[in-house]
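**Student:** This is the content of model.cif (mmCIF, C-alpha atoms):
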```cif
data_upload
loop_
_atom_site.label_atom_id
_atom_site.label_comp_id
_atom_site.auth_asym_id
_atom_site.auth_seq_id
_atom_site.Cartn_x
_atom_site.Cartn_y
_atom_site.Cartn_z
CA MET A 14 -25.20 19.26 25.22
CA GLN A 15 -25.59 22.98 24.59
CA ARG A 16 -22.00 23.49 25.71
CA ILE A 17 -20.68 20.87 23.35
CA ILE A 18 -22.47 22.47 20.41
CA ASP A 19 -21.23 25.88 21.48
CA SER A 20 -17.65 24.75 21.67
CA ILE A 21 -17.91 23.12 18.24
CA LEU A 22 -19.42 26.27 16.75
CA SER A 23 -16.77 28.52 18.26
CA ASN A 24 -14.01 26.32 16.79
CA LYS A 25 -15.63 25.73 13.43
CA ASP A 26 -12.58 27.08 11.57
CA VAL A 27 -10.36 24.43 13.13
CA LEU A 28 -12.96 21.76 12.44
CA VAL A 29 -13.17 22.66 8.75
CA PHE A 30 -9.36 22.75 8.58
CA ILE A 31 -9.02 19.28 10.10
CA ILE A 32 -11.72 17.82 7.83
CA LEU A 33 -10.08 19.25 4.71
CA LEU A 34 -6.63 18.08 5.81
CA LEU A 35 -7.83 14.56 6.54
CA PHE A 36 -9.64 14.46 3.22
CA SER A 37 -6.51 15.48 1.33
CA LEU A 38 -4.46 12.87 3.21
CA TYR A 39 -7.10 10.29 2.32
CA LEU A 40 -6.80 11.31 -1.35
CA LEU A 41 -3.01 11.09 -1.08
CA VAL A 42 -3.00 7.55 0.28
CA ASP A 43 -5.93 6.35 -1.78
CA SER A 44 -4.81 7.47 -5.21
CA ASN A 45 -1.02 7.09 -5.10
CA HIS A 46 0.35 3.56 -5.16
CA TYR A 47 3.67 4.56 -3.65
CA HIS A 48 2.09 6.07 -0.54
CA GLN A 49 -0.30 3.16 -0.23
CA SER A 50 2.45 0.55 -0.22
CA LYS A 51 4.52 2.60 2.20
CA LEU A 52 1.63 2.70 4.67
CA ASN A 53 0.86 -0.99 4.17
CA ASN A 54 4.46 -1.91 4.92
CA LEU A 55 4.41 0.08 8.12
CA SER A 56 1.26 -1.56 9.47
CA ASN A 57 2.34 -5.01 8.26
CA ASN A 58 5.61 -4.84 10.15
CA PHE A 59 3.75 -3.94 13.31
CA VAL A 60 1.15 -6.69 12.92
CA LYS A 61 3.78 -9.33 12.11
CA VAL A 62 5.52 -8.80 15.44
CA LEU A 63 2.20 -9.20 17.26
CA PHE A 64 1.39 -12.37 15.36
CA LYS A 65 4.75 -13.88 16.19
CA GLU A 66 4.39 -13.20 19.91
CA SER A 67 0.89 -14.63 20.06
CA SER A 68 1.93 -17.69 18.09
CA TYR A 69 4.71 -18.40 20.61
CA ILE A 70 2.10 -18.59 23.34
CA LYS A 71 -0.30 -20.73 21.32
CA GLU A 72 2.54 -23.05 20.38
CA TYR A 73 3.18 -23.86 24.00
CA PHE A 74 -0.34 -25.14 24.56
CA ASN A 75 -0.17 -27.29 21.46
CA LEU A 76 3.16 -28.95 22.30
CA LYS A 77 1.64 -32.29 23.16
CA ASN A 78 -0.33 -32.56 19.96
CA GLU A 79 2.57 -31.40 17.84
CA ASN A 80 4.86 -33.97 19.39
CA LYS A 81 2.37 -36.68 18.62
CA LYS A 82 2.14 -35.59 15.02
CA LEU A 83 5.92 -35.47 14.67
CA VAL A 84 6.30 -38.96 16.07
CA GLU A 85 3.73 -40.24 13.60
CA GLU A 86 5.53 -38.57 10.77
CA ASN A 87 8.88 -39.94 11.88
CA LEU A 88 7.43 -43.43 11.91
CA ASN A 89 6.07 -42.89 8.45
CA LEU A 90 9.40 -41.73 7.12
CA LYS A 91 11.24 -44.60 8.74
CA ASN A 92 8.84 -47.01 7.10
CA ILE A 93 9.48 -45.48 3.72
CA PHE A 94 13.23 -45.41 4.32
CA TYR A 95 13.52 -49.04 5.33
CA SER A 96 11.08 -50.39 2.82
CA SER A 97 12.59 -48.62 -0.16
CA GLN A 98 14.87 -50.73 -2.25
CA GLU A 99 16.93 -47.88 -3.60
CA ILE A 100 20.50 -47.52 -2.47
CA LEU A 101 21.19 -44.04 -1.16
CA ASN A 102 24.47 -42.62 -2.27
CA ASP A 103 26.02 -39.23 -2.92
CA SER A 104 25.00 -38.96 -6.53
CA ILE A 105 21.36 -38.81 -5.49
CA LEU A 106 21.97 -35.52 -3.73
CA ILE A 107 23.46 -33.98 -6.83
CA SER A 108 20.57 -34.92 -9.06
CA GLN A 109 17.96 -34.03 -6.49
CA LYS A 110 15.45 -31.61 -7.94
CA TYR A 111 13.35 -30.53 -4.96
CA PHE A 112 14.67 -29.22 -1.68
CA PHE A 113 12.54 -29.01 1.42
CA SER A 114 12.94 -26.57 4.28
CA SER A 115 10.77 -26.39 7.36
CA ALA A 116 8.70 -23.41 8.48
CA LYS A 117 6.00 -22.62 10.96
CA ILE A 118 2.63 -20.97 10.28
CA ILE A 119 2.23 -17.91 12.47
CA SER A 120 -1.12 -16.70 11.22
CA ASN A 121 -3.82 -18.63 9.45
CA ASN A 122 -7.10 -17.64 7.93
CA PHE A 123 -9.95 -19.53 6.38
CA SER A 124 -12.95 -17.28 6.87
CA PHE A 125 -12.51 -14.95 3.87
CA SER A 126 -12.83 -15.75 0.20
CA LYS A 127 -9.21 -14.73 -0.39
CA ASN A 128 -7.23 -16.30 2.41
CA TYR A 129 -3.54 -15.79 3.08
CA LEU A 130 -1.25 -17.44 5.63
CA MET A 131 1.96 -16.14 7.09
CA ILE A 132 5.05 -18.25 7.80
CA ASP A 133 8.11 -17.38 9.85
CA LYS A 134 10.77 -17.80 7.15
CA GLY A 135 11.83 -15.19 4.60
CA THR A 136 14.55 -14.18 2.16
CA LYS A 137 17.11 -14.68 4.95
CA HIS A 138 16.31 -18.40 4.85
CA GLY A 139 16.35 -18.65 1.07
CA ILE A 140 12.61 -18.38 0.50
CA LYS A 141 11.53 -16.85 -2.80
CA LYS A 142 8.25 -16.02 -4.51
CA GLU A 143 6.26 -18.84 -6.13
CA MET A 144 7.63 -21.66 -4.02
CA GLY A 145 5.15 -24.29 -2.89
CA VAL A 146 4.15 -24.91 0.71
CA ALA A 147 2.97 -28.31 1.96
CA SER A 148 2.41 -30.06 5.26
CA LYS A 149 2.78 -33.76 5.93
CA ASN A 150 -0.85 -34.40 4.95
CA GLY A 151 -1.09 -32.30 1.84
CA ILE A 152 -0.49 -29.03 0.12
CA ILE A 153 -1.10 -25.67 1.81
CA GLY A 154 -0.48 -22.99 -0.82
CA ILE A 155 1.99 -20.93 -2.80
CA ILE A 156 4.28 -18.16 -1.57
CA VAL A 157 3.23 -14.80 -3.00
CA ASP A 158 5.24 -12.25 -1.03
CA VAL A 159 8.51 -12.40 0.89
CA THR A 160 10.15 -10.03 3.35
CA GLU A 161 13.39 -10.54 5.24
CA ASN A 162 12.01 -12.77 8.00
CA TYR A 163 8.47 -13.64 6.92
CA SER A 164 6.53 -14.62 3.87
CA SER A 165 2.86 -14.66 3.01
CA VAL A 166 1.31 -17.71 1.42
CA MET A 167 -1.71 -17.74 -0.83
CA SER A 168 -3.72 -20.58 0.69
CA ILE A 169 -5.41 -23.16 -1.52
CA LEU A 170 -8.51 -21.81 0.21
CA ASN A 171 -8.30 -18.70 -1.98
CA ILE A 172 -10.66 -18.24 -4.91
CA ASN A 173 -7.72 -17.05 -7.03
CA SER A 174 -5.58 -20.12 -6.48
CA LYS A 175 -5.46 -22.70 -9.27
CA ILE A 176 -3.50 -25.89 -8.74
CA ASN A 177 -2.76 -28.66 -11.16
CA ALA A 178 -3.96 -32.00 -9.77
CA LYS A 179 -4.51 -35.51 -11.05
CA ILE A 180 -6.25 -38.71 -10.09
CA ASN A 181 -3.83 -41.09 -8.44
CA ASN A 182 -2.54 -43.92 -10.64
CA SER A 183 -3.94 -42.40 -13.80
CA PHE A 184 -2.80 -39.56 -16.00
CA HIS A 185 -6.03 -37.58 -16.15
CA PHE A 186 -5.48 -34.19 -14.66
CA GLY A 187 -7.56 -31.12 -13.84
CA THR A 188 -7.53 -27.78 -12.08
CA LEU A 189 -8.14 -27.57 -8.36
CA GLU A 190 -10.13 -24.53 -7.28
CA TRP A 191 -11.99 -23.33 -4.23
CA ILE A 192 -15.45 -21.77 -4.47
CA GLY A 193 -15.16 -19.98 -1.14
CA THR A 194 -17.58 -21.76 1.15
CA ASN A 195 -16.49 -24.93 2.95
CA PRO A 196 -12.81 -25.02 4.03
CA ASN A 197 -12.72 -28.81 3.65
CA ILE A 198 -14.09 -29.16 0.12
CA LEU A 199 -12.38 -28.11 -3.12
CA ASN A 200 -13.55 -28.43 -6.72
CA LEU A 201 -11.58 -30.35 -9.32
CA ASN A 202 -12.61 -29.09 -12.74
CA ASP A 203 -11.62 -29.97 -16.29
CA VAL A 204 -11.30 -33.71 -15.78
CA PRO A 205 -12.48 -35.32 -19.05
CA LYS A 206 -15.40 -37.76 -18.87
CA ILE A 207 -13.24 -40.44 -20.45
CA ALA A 208 -11.43 -40.76 -17.11
CA ASN A 209 -12.42 -43.56 -14.80
CA VAL A 210 -13.23 -41.83 -11.50
CA LYS A 211 -14.85 -43.39 -8.46
CA ILE A 212 -15.84 -41.97 -5.10
CA GLY A 213 -12.95 -42.54 -2.70
CA ASP A 214 -10.16 -42.21 -5.28
CA SER A 215 -7.30 -40.13 -4.03
CA ILE A 216 -6.25 -36.91 -5.70
CA VAL A 217 -2.58 -35.92 -5.86
CA THR A 218 -0.59 -33.05 -7.34
CA GLY A 219 -0.03 -33.38 -11.05
CA GLY A 220 3.56 -32.28 -11.44
CA MET A 221 2.63 -30.19 -14.48
CA SER A 222 3.79 -26.96 -12.84
CA THR A 223 7.14 -25.80 -11.58
CA ILE A 224 5.86 -25.35 -8.04
CA PHE A 225 4.84 -28.73 -6.64
CA PRO A 226 6.47 -32.09 -7.29
CA GLU A 227 4.30 -34.97 -8.45
CA ASN A 228 2.28 -37.19 -6.12
CA ILE A 229 1.81 -35.02 -3.05
CA ASN A 230 -1.47 -35.92 -1.36
CA ILE A 231 -4.36 -33.49 -1.66
CA GLY A 232 -7.55 -35.33 -0.83
CA VAL A 233 -10.11 -37.94 -1.81
CA VAL A 234 -13.02 -37.78 -4.25
CA PHE A 235 -16.15 -37.03 -2.32
CA LYS A 236 -18.81 -36.37 -4.94
CA ILE A 237 -18.94 -36.56 -8.73
CA ASP A 238 -21.29 -34.34 -10.73
CA SER A 239 -21.55 -35.15 -14.40
CA ILE A 240 -23.38 -32.56 -16.45
CA SER A 241 -24.74 -34.06 -19.65
CA ALA A 242 -24.02 -30.93 -21.71
CA SER A 243 -20.35 -30.89 -20.86
CA ASN A 244 -17.43 -33.15 -21.62
CA TYR A 245 -15.92 -32.66 -18.21
CA TYR A 246 -16.66 -33.92 -14.73
CA LYS A 247 -17.21 -31.62 -11.80
CA ILE A 248 -15.53 -33.39 -8.91
CA LYS A 249 -15.70 -32.38 -5.27
CA VAL A 250 -12.57 -33.23 -3.31
CA LYS A 251 -12.39 -33.60 0.44
CA LEU A 252 -9.02 -32.45 1.76
CA THR A 253 -6.96 -34.92 3.77
CA ASN A 254 -5.14 -31.97 5.26
CA ASP A 255 -7.06 -30.03 7.88
CA MET A 256 -6.30 -26.48 6.75
CA THR A 257 -7.76 -25.04 9.93
CA SER A 258 -5.18 -26.62 12.24
CA ALA A 259 -1.99 -26.83 10.16
CA ARG A 260 1.17 -25.68 11.94
CA ASN A 261 4.46 -27.19 10.81
CA VAL A 262 4.94 -26.95 7.07
CA TYR A 263 7.59 -27.49 4.43
CA VAL A 264 8.61 -25.01 1.77
CA ILE A 265 9.41 -26.73 -1.51
CA ASN A 266 12.21 -25.28 -3.59
CA ASN A 267 12.40 -26.47 -7.17
CA LYS A 268 16.04 -26.25 -8.20
CA HIS A 269 15.22 -26.56 -11.89
CA LYS A 270 12.52 -23.89 -11.89
CA LYS A 271 14.49 -21.24 -13.78
CA GLU A 272 15.65 -23.72 -16.33
CA MET A 273 12.11 -25.00 -16.88
CA GLU A 274 10.69 -21.48 -17.18
CA SER A 275 13.38 -20.47 -19.66
CA LEU A 276 11.65 -22.79 -22.09
CA LYS A 277 9.24 -20.29 -23.47
CA PHE A 278 6.07 -22.33 -23.77
CA PHE A 279 6.31 -24.39 -20.64
CA SER A 280 4.16 -22.14 -18.48
CA ASN A 281 1.36 -22.22 -20.99
CA MET B 4 -20.37 40.14 -8.21
CA ASN B 5 -17.94 42.67 -6.92
CA THR B 6 -14.36 43.16 -8.01
CA LEU B 7 -13.05 41.16 -5.04
CA ASN B 8 -14.65 37.90 -6.18
CA ILE B 9 -13.69 38.48 -9.80
CA ASN B 10 -10.09 39.07 -8.73
CA ILE B 11 -10.03 35.77 -6.85
CA ILE B 12 -11.45 33.85 -9.81
CA ILE B 13 -8.98 35.41 -12.25
CA ARG B 14 -6.04 34.66 -9.94
CA PHE B 15 -7.24 31.09 -9.40
CA PHE B 16 -7.12 30.22 -13.09
CA LEU B 17 -4.11 32.38 -13.95
CA LEU B 18 -1.92 30.89 -11.21
CA VAL B 19 -3.04 27.30 -11.83
CA LEU B 20 -2.22 27.62 -15.52
CA VAL B 21 1.07 29.46 -15.00
CA GLN B 22 2.19 26.98 -12.33
CA GLY B 23 0.98 23.85 -14.08
CA LEU B 24 2.12 24.64 -17.59
CA VAL B 25 5.18 26.86 -17.16
CA PHE B 26 6.83 26.72 -13.74
CA ASN B 27 6.46 22.98 -13.11
CA LYS B 28 8.80 22.50 -16.06
CA PHE B 29 11.27 25.20 -14.98
CA ASP B 30 13.81 22.67 -13.62
CA LEU B 31 16.73 24.87 -12.56
CA PHE B 32 19.80 22.59 -12.16
CA GLY B 33 17.54 19.72 -13.11
CA ILE B 34 15.31 19.58 -10.02
CA TYR B 35 14.47 22.99 -8.57
CA ASP B 36 11.13 24.56 -9.46
CA PRO B 37 9.72 27.88 -8.25
CA TYR B 38 6.21 27.48 -6.80
CA VAL B 39 4.52 30.76 -7.70
CA SER B 40 1.11 29.27 -6.92
CA VAL B 41 1.69 30.20 -3.26
CA VAL B 42 0.93 33.80 -4.34
CA PHE B 43 -2.75 32.80 -4.40
CA VAL B 44 -2.74 32.39 -0.61
CA LEU B 45 -0.30 35.26 -0.01
CA VAL B 46 -2.56 37.91 -1.59
CA PHE B 47 -5.94 36.36 -0.71
CA PRO B 48 -8.26 39.11 0.58
CA ILE B 49 -8.56 39.27 4.37
CA LYS B 50 -12.24 40.26 4.35
CA ILE B 51 -13.45 36.89 3.10
CA ASN B 52 -14.27 34.60 6.02
CA ARG B 53 -11.86 31.89 7.06
CA ILE B 54 -13.98 28.85 6.23
CA SER B 55 -14.49 29.84 2.61
CA PHE B 56 -10.80 30.75 2.45
CA LEU B 57 -9.87 27.22 3.64
CA ILE B 58 -12.23 25.53 1.19
CA ILE B 59 -11.13 27.65 -1.79
CA SER B 60 -7.45 26.99 -0.97
CA PHE B 61 -8.13 23.27 -0.73
CA PHE B 62 -9.67 23.22 -4.19
CA PHE B 63 -6.87 25.39 -5.56
CA GLY B 64 -4.35 22.81 -4.35
CA LEU B 65 -6.45 19.96 -5.67
CA THR B 66 -6.58 21.56 -9.14
CA LEU B 67 -2.79 21.93 -9.10
CA ASP B 68 -2.43 18.27 -8.15
CA TYR B 69 -4.12 17.22 -11.37
CA PHE B 70 -1.23 18.79 -13.30
CA THR B 71 1.47 16.86 -11.41
CA ASN B 72 -0.57 13.66 -10.95
CA SER B 73 0.09 13.63 -7.21
CA LEU B 74 -3.44 13.85 -5.83
CA GLY B 75 -3.60 15.27 -2.30
CA VAL B 76 -0.05 16.64 -1.90
CA ASN B 77 -0.75 20.24 -2.87
CA ALA B 78 -4.27 20.10 -1.44
CA ALA B 79 -2.87 19.33 2.03
CA ALA B 80 -0.08 21.92 1.73
CA PHE B 81 -2.46 24.70 0.66
CA THR B 82 -5.00 23.87 3.37
CA ILE B 83 -2.24 24.11 5.97
CA ILE B 84 -0.87 27.46 4.81
CA ALA B 85 -4.38 28.86 4.51
CA PHE B 86 -5.03 27.85 8.10
CA PHE B 87 -1.79 29.36 9.43
CA LYS B 88 -1.91 32.56 7.37
CA PRO B 89 -3.74 34.74 9.99
CA PHE B 90 -1.32 33.64 12.73
CA ILE B 91 1.68 34.43 10.55
CA MET B 92 0.26 37.84 9.60
CA ASN B 93 -0.32 38.59 13.26
CA PHE B 94 3.27 37.59 14.04
CA VAL B 95 4.91 39.47 11.17
CA PHE B 96 2.90 42.71 11.05
CA GLY B 97 2.34 43.04 14.80
CA ASN B 98 0.06 45.94 15.75
CA PHE B 99 -0.09 46.95 12.09
CA TYR B 100 -2.32 43.86 11.64
CA ASN B 101 -6.03 44.51 12.02
CA PRO B 102 -8.21 41.73 10.66
CA HIS B 103 -11.57 43.45 11.17
CA GLY B 104 -10.63 46.89 9.93
CA VAL B 105 -10.68 48.50 6.53
CA LYS B 106 -7.13 47.55 5.54
CA MET B 107 -6.76 45.37 2.51
CA ILE B 108 -4.03 42.85 1.79
CA LYS B 109 -2.67 45.45 -0.65
CA HIS B 110 -1.88 47.82 2.21
CA TYR B 111 0.01 45.19 4.14
CA ILE B 112 2.12 44.35 1.15
CA MET B 113 2.77 47.90 -0.09
CA GLU B 114 3.08 49.83 3.18
CA SER B 115 5.14 47.50 5.37
CA THR B 116 8.93 47.46 5.59
CA ILE B 117 10.99 45.29 3.25
CA TYR B 118 11.92 42.92 6.12
CA GLN B 119 8.27 42.34 6.97
CA LYS B 120 7.46 41.59 3.35
CA ILE B 121 10.28 39.10 3.00
CA LEU B 122 9.57 37.45 6.37
CA TYR B 123 5.85 37.09 5.58
CA ILE B 124 6.44 35.56 2.16
CA LEU B 125 9.32 33.34 3.30
CA LEU B 126 7.47 31.87 6.30
CA ILE B 127 4.47 30.83 4.23
CA ILE B 128 6.66 29.47 1.44
CA LEU B 129 8.77 27.46 3.91
CA ILE B 130 5.70 25.86 5.50
CA HIS B 131 4.18 25.08 2.11
CA HIS B 132 7.35 23.56 0.69
CA PHE B 133 8.14 21.53 3.80
CA VAL B 134 4.66 20.00 3.92
CA MET B 135 4.64 19.37 0.20
CA PHE B 136 8.04 17.68 0.01
CA SER B 137 7.48 15.56 3.11
CA LEU B 138 4.14 14.29 1.79
CA GLU B 139 5.72 13.65 -1.58
CA SER B 140 8.55 11.46 -0.23
CA PHE B 141 6.45 10.08 2.68
CA ALA B 142 9.51 8.74 4.54
CA ILE B 143 11.13 9.94 7.75
CA ASP B 144 14.60 8.67 6.82
CA GLN B 145 14.74 11.15 3.93
CA LEU B 146 14.40 14.19 6.22
CA ALA B 147 17.82 15.62 5.26
CA ILE B 148 16.93 15.58 1.57
CA ILE B 149 13.50 17.10 2.28
CA ILE B 150 15.04 19.99 4.23
CA LYS B 151 17.69 20.62 1.59
CA LYS B 152 15.08 20.65 -1.16
CA THR B 153 12.81 22.92 0.91
CA ILE B 154 15.54 25.52 1.42
CA TYR B 155 16.78 25.66 -2.17
CA ASN B 156 13.27 25.74 -3.62
CA SER B 157 12.17 28.39 -1.11
CA PHE B 158 14.81 30.88 -2.27
CA LEU B 159 13.82 30.35 -5.86
CA SER B 160 10.11 30.67 -5.01
CA LEU B 161 10.78 33.80 -2.93
CA ILE B 162 12.24 35.65 -5.90
CA PHE B 163 9.43 34.68 -8.24
CA CYS B 164 6.63 35.25 -5.71
CA PHE B 165 7.98 38.72 -4.93
CA THR B 166 7.89 39.63 -8.60
CA PHE B 167 4.46 38.13 -9.08
CA ILE B 168 2.93 39.92 -6.11
CA TYR B 169 4.18 43.27 -7.42
CA LEU B 170 2.77 42.51 -10.84
CA LEU B 171 -0.62 41.43 -9.47
CA VAL B 172 -1.18 43.83 -6.59
CA GLN B 173 0.25 47.04 -7.97
CA ASN B 174 -2.13 47.05 -10.92
CA GLU B 175 -5.11 46.21 -8.74
CA ARG B 176 -7.75 48.86 -8.38
#
```
What does this structure look like when you write it as C-alpha cells?
**Tutor:**
Amino acid sequence: MQRIIDSILSNKDVLVFIILLLFSLYLLVDSNHYHQSKLNNLSNNFVKVLFKESSYIKEYFNLKNENKKLVEENLNLKNIFYSSQEILNDSILISQKYFFSSAKIISNNFSFSKNYLMIDKGTKHGIKKEMGVASKNGIIGIIVDVTENYSSVMSILNINSKINAKINNSFHFGTLEWIGTNPNILNLNDVPKIANVKIGDSIVTGGMSTIFPENINIGVVFKIDSISASNYYKIKVKLTNDMTSARNVYVINNKHKKEMESLKFFSN
Amino acid sequence: MNTLNINIIIRFFLLVLVQGLVFNKFDLFGIYDPYVSVVFVLVFPIKINRISFLIISFFFGLTLDYFTNSLGVNAAAFTIIAFFKPFIMNFVFGNFYNPHGVKMIKHYIMESTIYQKILYILLIILIHHFVMFSLESFAIDQLAIIIKKTIYNSFLSLIFCFTFIYLLVQNER
C-alpha cells in the first residue's frame, strides 16, 4: 500500500495532467453538439454490428415459432383474399396509397420509459423518417432515425409517442399514450363521454395522421375510468400485439404523405 | 505578492483579450489566424511548480474557449503544451537548461542562439496547433486538412509570437 501511494506521489505531475486533459475532453464532448453526435455515431455503428450478430443466433432458436406464426398469417391472408368480393386488376396498383415492406427487429427494449427498437432496413431499402411500423397483430411504432442499413423506431411504449386511435365501428377517436409502467397496457385519452364504449371493444388506428392507414388493430378496451369533472373518458387498452416478442414487422410507406403535408393545416 | 505573480496575472488577461478580441478575427486569406496566446506558456516562469503551471494553463485555455464558443478545445491544447514544455526545453537548450538553478525564462530567450529560439517556439506552436485543430474537426479522415492548417497557421503564429515575446520579455525587470 505504501508503495502504491509513493508511486502516485512521485508521479503527481502526470496525474494532474491526465485529470485536466480528461476534464477538458469531457467539456469538449459534453458542450459541443457536433462532437457529441460524432462520438454517438461511432459507438452506434459498433453496437449495431453486435446486435445484428446476436440477433442471427437468436433467430435460429426461434425458427419453429416464427414458421408457425407465418403459416397462421398466410392462412389469414388467404381467407381475406378469397372472401373478398373485389376484383383485383392493374388499376388498383396505381391508386394504391400505402406500400408495405418487410423488416426484422434486431434489438427491442421495453424496460425504459423511452423505448426504441432497431430494424435491419435503412435508406438503402427506401426507408425514410416518420414511416409507420406494424406487425401482423398491431402497430409497433414510428421510424425516427435512419442510417444506410438500419433504422431506429420509437416504440409505442415510449412516453413521448402519441398515436391517433379510434373505437372500431364508430368515429370517436382519441390519443393513445403510454404512462411508462406496464408494457401491455396503454392509455386512450380524449375520447368524449358521448361515445358508446364498452369493455371488450376493439381499438384500431384512426387514419387521421399521415403515418398509419385506418383500421390497423391495436388492442381491446380493458378498463374505463370516467371522471365526473371531465368530459372525456380515460380508457385503458390492452394490446393485442405482444411488444415483448415481436420479430417480423412491416414498414408502412404512405405514398401521398408529401401531398397531404403540403396542405398547410393538415398536421394540426 | 511579488513581481513574478503580478507578471503572470497581467499576461493572463492581456493575452486573453488580445487573442480573443483582435487575433481571432485576423483571418489572413480568409481562414488563417495567428495564435499569440501560446506566448503565455512560452514565457511562463520556470520557478513556479509544475502542478500550478498545469492548472493555470488549463484555465487560460478555458477562458480563451469562451471567446470562440468551443469549450474544451483550447483547454486541452494548453494543458498538453504545458505538460510537454519542460521536455522540449531540455531537448532544445541541452546543457544550457537548468530547471533548479537561478536562470529565468528571460535568460533562455535572450541568451540562446537564434536557431534555439526558433526551434523552441516552433515546436510548442506545432504541438498546440495540431492538438487544437484535430480536436476541432474531430475526424480522422480530415487529417490532410488538419496538417495543412497546422503548418500554415504555425508560420503565421511564429512571426507574431516572436514579436510578442520581445515586446513582453525585453521590458521585464
**Student:** If you measure from CA of Phe94 in chain B to CA of Val134 in chain B, what distance in Å do you get, rounded to one decimal?
**Tutor:**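 Distance between the two atoms: 20.3 Å.
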**Student:** Identify, on the basis of all atoms listed in the file, every residue whose closest approach to range 186-189 of chain A does not exceed 10 Å; exclude the query and any residue fewer than 5 positions from it along the same chain; express the result as JSON, numbers by chain.
**Tutor:** {"A": [169, 174, 175, 176, 177, 178, 179, 180, 181, 199, 200, 201, 202, 203, 204, 205, 208, 216, 217, 218, 219, 220, 221, 231, 245, 246, 247, 248, 249, 250]}
**Student:** One decimal, in Å: what's the spacing between CA of Ser140 in chain B and CA of Ile121 in chain B?
**Tutor:**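 Calculated distance between CA of Ser140 in chain B and CA of Ile121 in chain B is 27.9 Å.
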**Student:** Can you translate the PyMOL selection byres ((chain A and resi 252-259) around 6) into the concrete residues it hits in this file, as a list in words?
**Tutor:**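 Applied to this file, the PyMOL selection byres ((chain A and resi 252-259) around 6) selects Asn150, Gly151, Asn197, Ile231, Gly232, Lys251 and Arg260 of chain A.
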**Student:** Atoms to include: C-alpha atoms. Write the selected residues as an mmCIF file, in the frame of the given file.
**Tutor:**
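To be explicit, this is the file written out as part-v2.cif:
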```cif
data_model
loop_
_atom_site.group_PDB
_atom_site.id
_atom_site.type_symbol
_atom_site.label_atom_id
_atom_site.label_comp_id
_atom_site.auth_asym_id
_atom_site.auth_seq_id
_atom_site.Cartn_x
_atom_site.Cartn_y
_atom_site.Cartn_z
ATOM 1 C CA ASN A 150 -0.850 -34.400 4.950
ATOM 2 C CA GLY A 151 -1.090 -32.300 1.840
ATOM 3 C CA ASN A 197 -12.720 -28.810 3.650
ATOM 4 C CA ILE A 231 -4.360 -33.490 -1.660
ATOM 5 C CA GLY A 232 -7.550 -35.330 -0.830
ATOM 6 C CA LYS A 251 -12.390 -33.600 0.440
ATOM 7 C CA ARG A 260 1.170 -25.680 11.940
#
```
**Student:** For the file shown, report as a PyMOL selection string the outcome of the PyMOL selection byres ((chain A) within 9 of (chain B)) at residue level.
**Tutor:** chain A and resi 25-27+29-30+33-45+47-48+51
**Student:** Give the answer as one residue: which of B:Thr116, B:Asn98, B:Leu45, B:Leu67 has the shortest atom-to-atom distance to Ile84 in chain B, using all atoms listed in the file?
**Tutor:**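 When distances to Ile84 in chain B are compared using all atoms listed in the file, the smallest one comes from B:Leu45.
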**Student:** Find the residues around Ser168 in chain A up to 6 Å (only C-alpha atoms counted), leave out those fewer than 6 positions away in its own chain, and share them as a short mmCIF file (atom, residue, chain, number, x, y, z; two decimals) with C-alpha atoms, in the coordinates of the input.
**Tutor:**
```
data_model
loop_
_atom_site.label_atom_id
_atom_site.label_comp_id
_atom_site.auth_asym_id
_atom_site.auth_seq_id
_atom_site.Cartn_x
_atom_site.Cartn_y
_atom_site.Cartn_z
CA ASN A 128 -7.23 -16.30 2.41
CA TYR A 129 -3.54 -15.79 3.08
CA ILE A 153 -1.10 -25.67 1.81
CA GLY A 154 -0.48 -22.99 -0.82
#
```
**Student:** Exactly which residues make up the result of the PyMOL selection byres ((chain A and resi 130-137) around 10) on this file, given as a ChimeraX atom specification?
**Tutor:** /A:61,64-65,114-123,128-129,138-142,146,153-156,158-168,260-262,264
**Student:** Dump C-alpha atoms for the selected residues as a compact mmCIF listing (two decimals), keeping the file's coordinate frame?
**Tutor:**
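Below is the file part.txt, written as the result:
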```txt
# COMPACT_ATOMS: atom_id res chain seq x y z
CA LYS A 61 3.78 -9.33 12.11
CA PHE A 64 1.39 -12.37 15.36
CA LYS A 65 4.75 -13.88 16.19
CA SER A 114 12.94 -26.57 4.28
CA SER A 115 10.77 -26.39 7.36
CA ALA A 116 8.70 -23.41 8.48
CA LYS A 117 6.00 -22.62 10.96
CA ILE A 118 2.63 -20.97 10.28
CA ILE A 119 2.23 -17.91 12.47
CA SER A 120 -1.12 -16.70 11.22
CA ASN A 121 -3.82 -18.63 9.45
CA ASN A 122 -7.10 -17.64 7.93
CA PHE A 123 -9.95 -19.53 6.38
CA ASN A 128 -7.23 -16.30 2.41
CA TYR A 129 -3.54 -15.79 3.08
CA HIS A 138 16.31 -18.40 4.85
CA GLY A 139 16.35 -18.65 1.07
CA ILE A 140 12.61 -18.38 0.50
CA LYS A 141 11.53 -16.85 -2.80
CA LYS A 142 8.25 -16.02 -4.51
CA VAL A 146 4.15 -24.91 0.71
CA ILE A 153 -1.10 -25.67 1.81
CA GLY A 154 -0.48 -22.99 -0.82
CA ILE A 155 1.99 -20.93 -2.80
CA ILE A 156 4.28 -18.16 -1.57
CA ASP A 158 5.24 -12.25 -1.03
CA VAL A 159 8.51 -12.40 0.89
CA THR A 160 10.15 -10.03 3.35
CA GLU A 161 13.39 -10.54 5.24
CA ASN A 162 12.01 -12.77 8.00
CA TYR A 163 8.47 -13.64 6.92
CA SER A 164 6.53 -14.62 3.87
CA SER A 165 2.86 -14.66 3.01
CA VAL A 166 1.31 -17.71 1.42
CA MET A 167 -1.71 -17.74 -0.83
CA SER A 168 -3.72 -20.58 0.69
CA ARG A 260 1.17 -25.68 11.94
CA ASN A 261 4.46 -27.19 10.81
CA VAL A 262 4.94 -26.95 7.07
CA VAL A 264 8.61 -25.01 1.77
```
**Student:** Between CA of Phe158 in chain B and CA of Ile34 in chain B, what is the spacing in Å?
**Tutor:**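 Separating CA of Ile34 in chain B from CA of Phe158 in chain B is a distance of 13.7 Å.
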**Student:** Need the shell around Ile168 in chain B: protein/DNA/RNA residues with any atom at most 9 Å away, counting only C-alpha atoms. Skip same-chain ones fewer than 3 positions apart. Format as a VMD selection string?
**Tutor:** chain B and resid 42 45 to 46 112 163 to 165 171 to 173
**Student:** Within 10 Å of Thr153 in chain B, counting all atoms listed in the file, which residues qualify if same-chain residues fewer than 3 places away don't, as a PyMOL selection string?
**Tutor:** chain B and resi 35+128-137+147-150+156-158
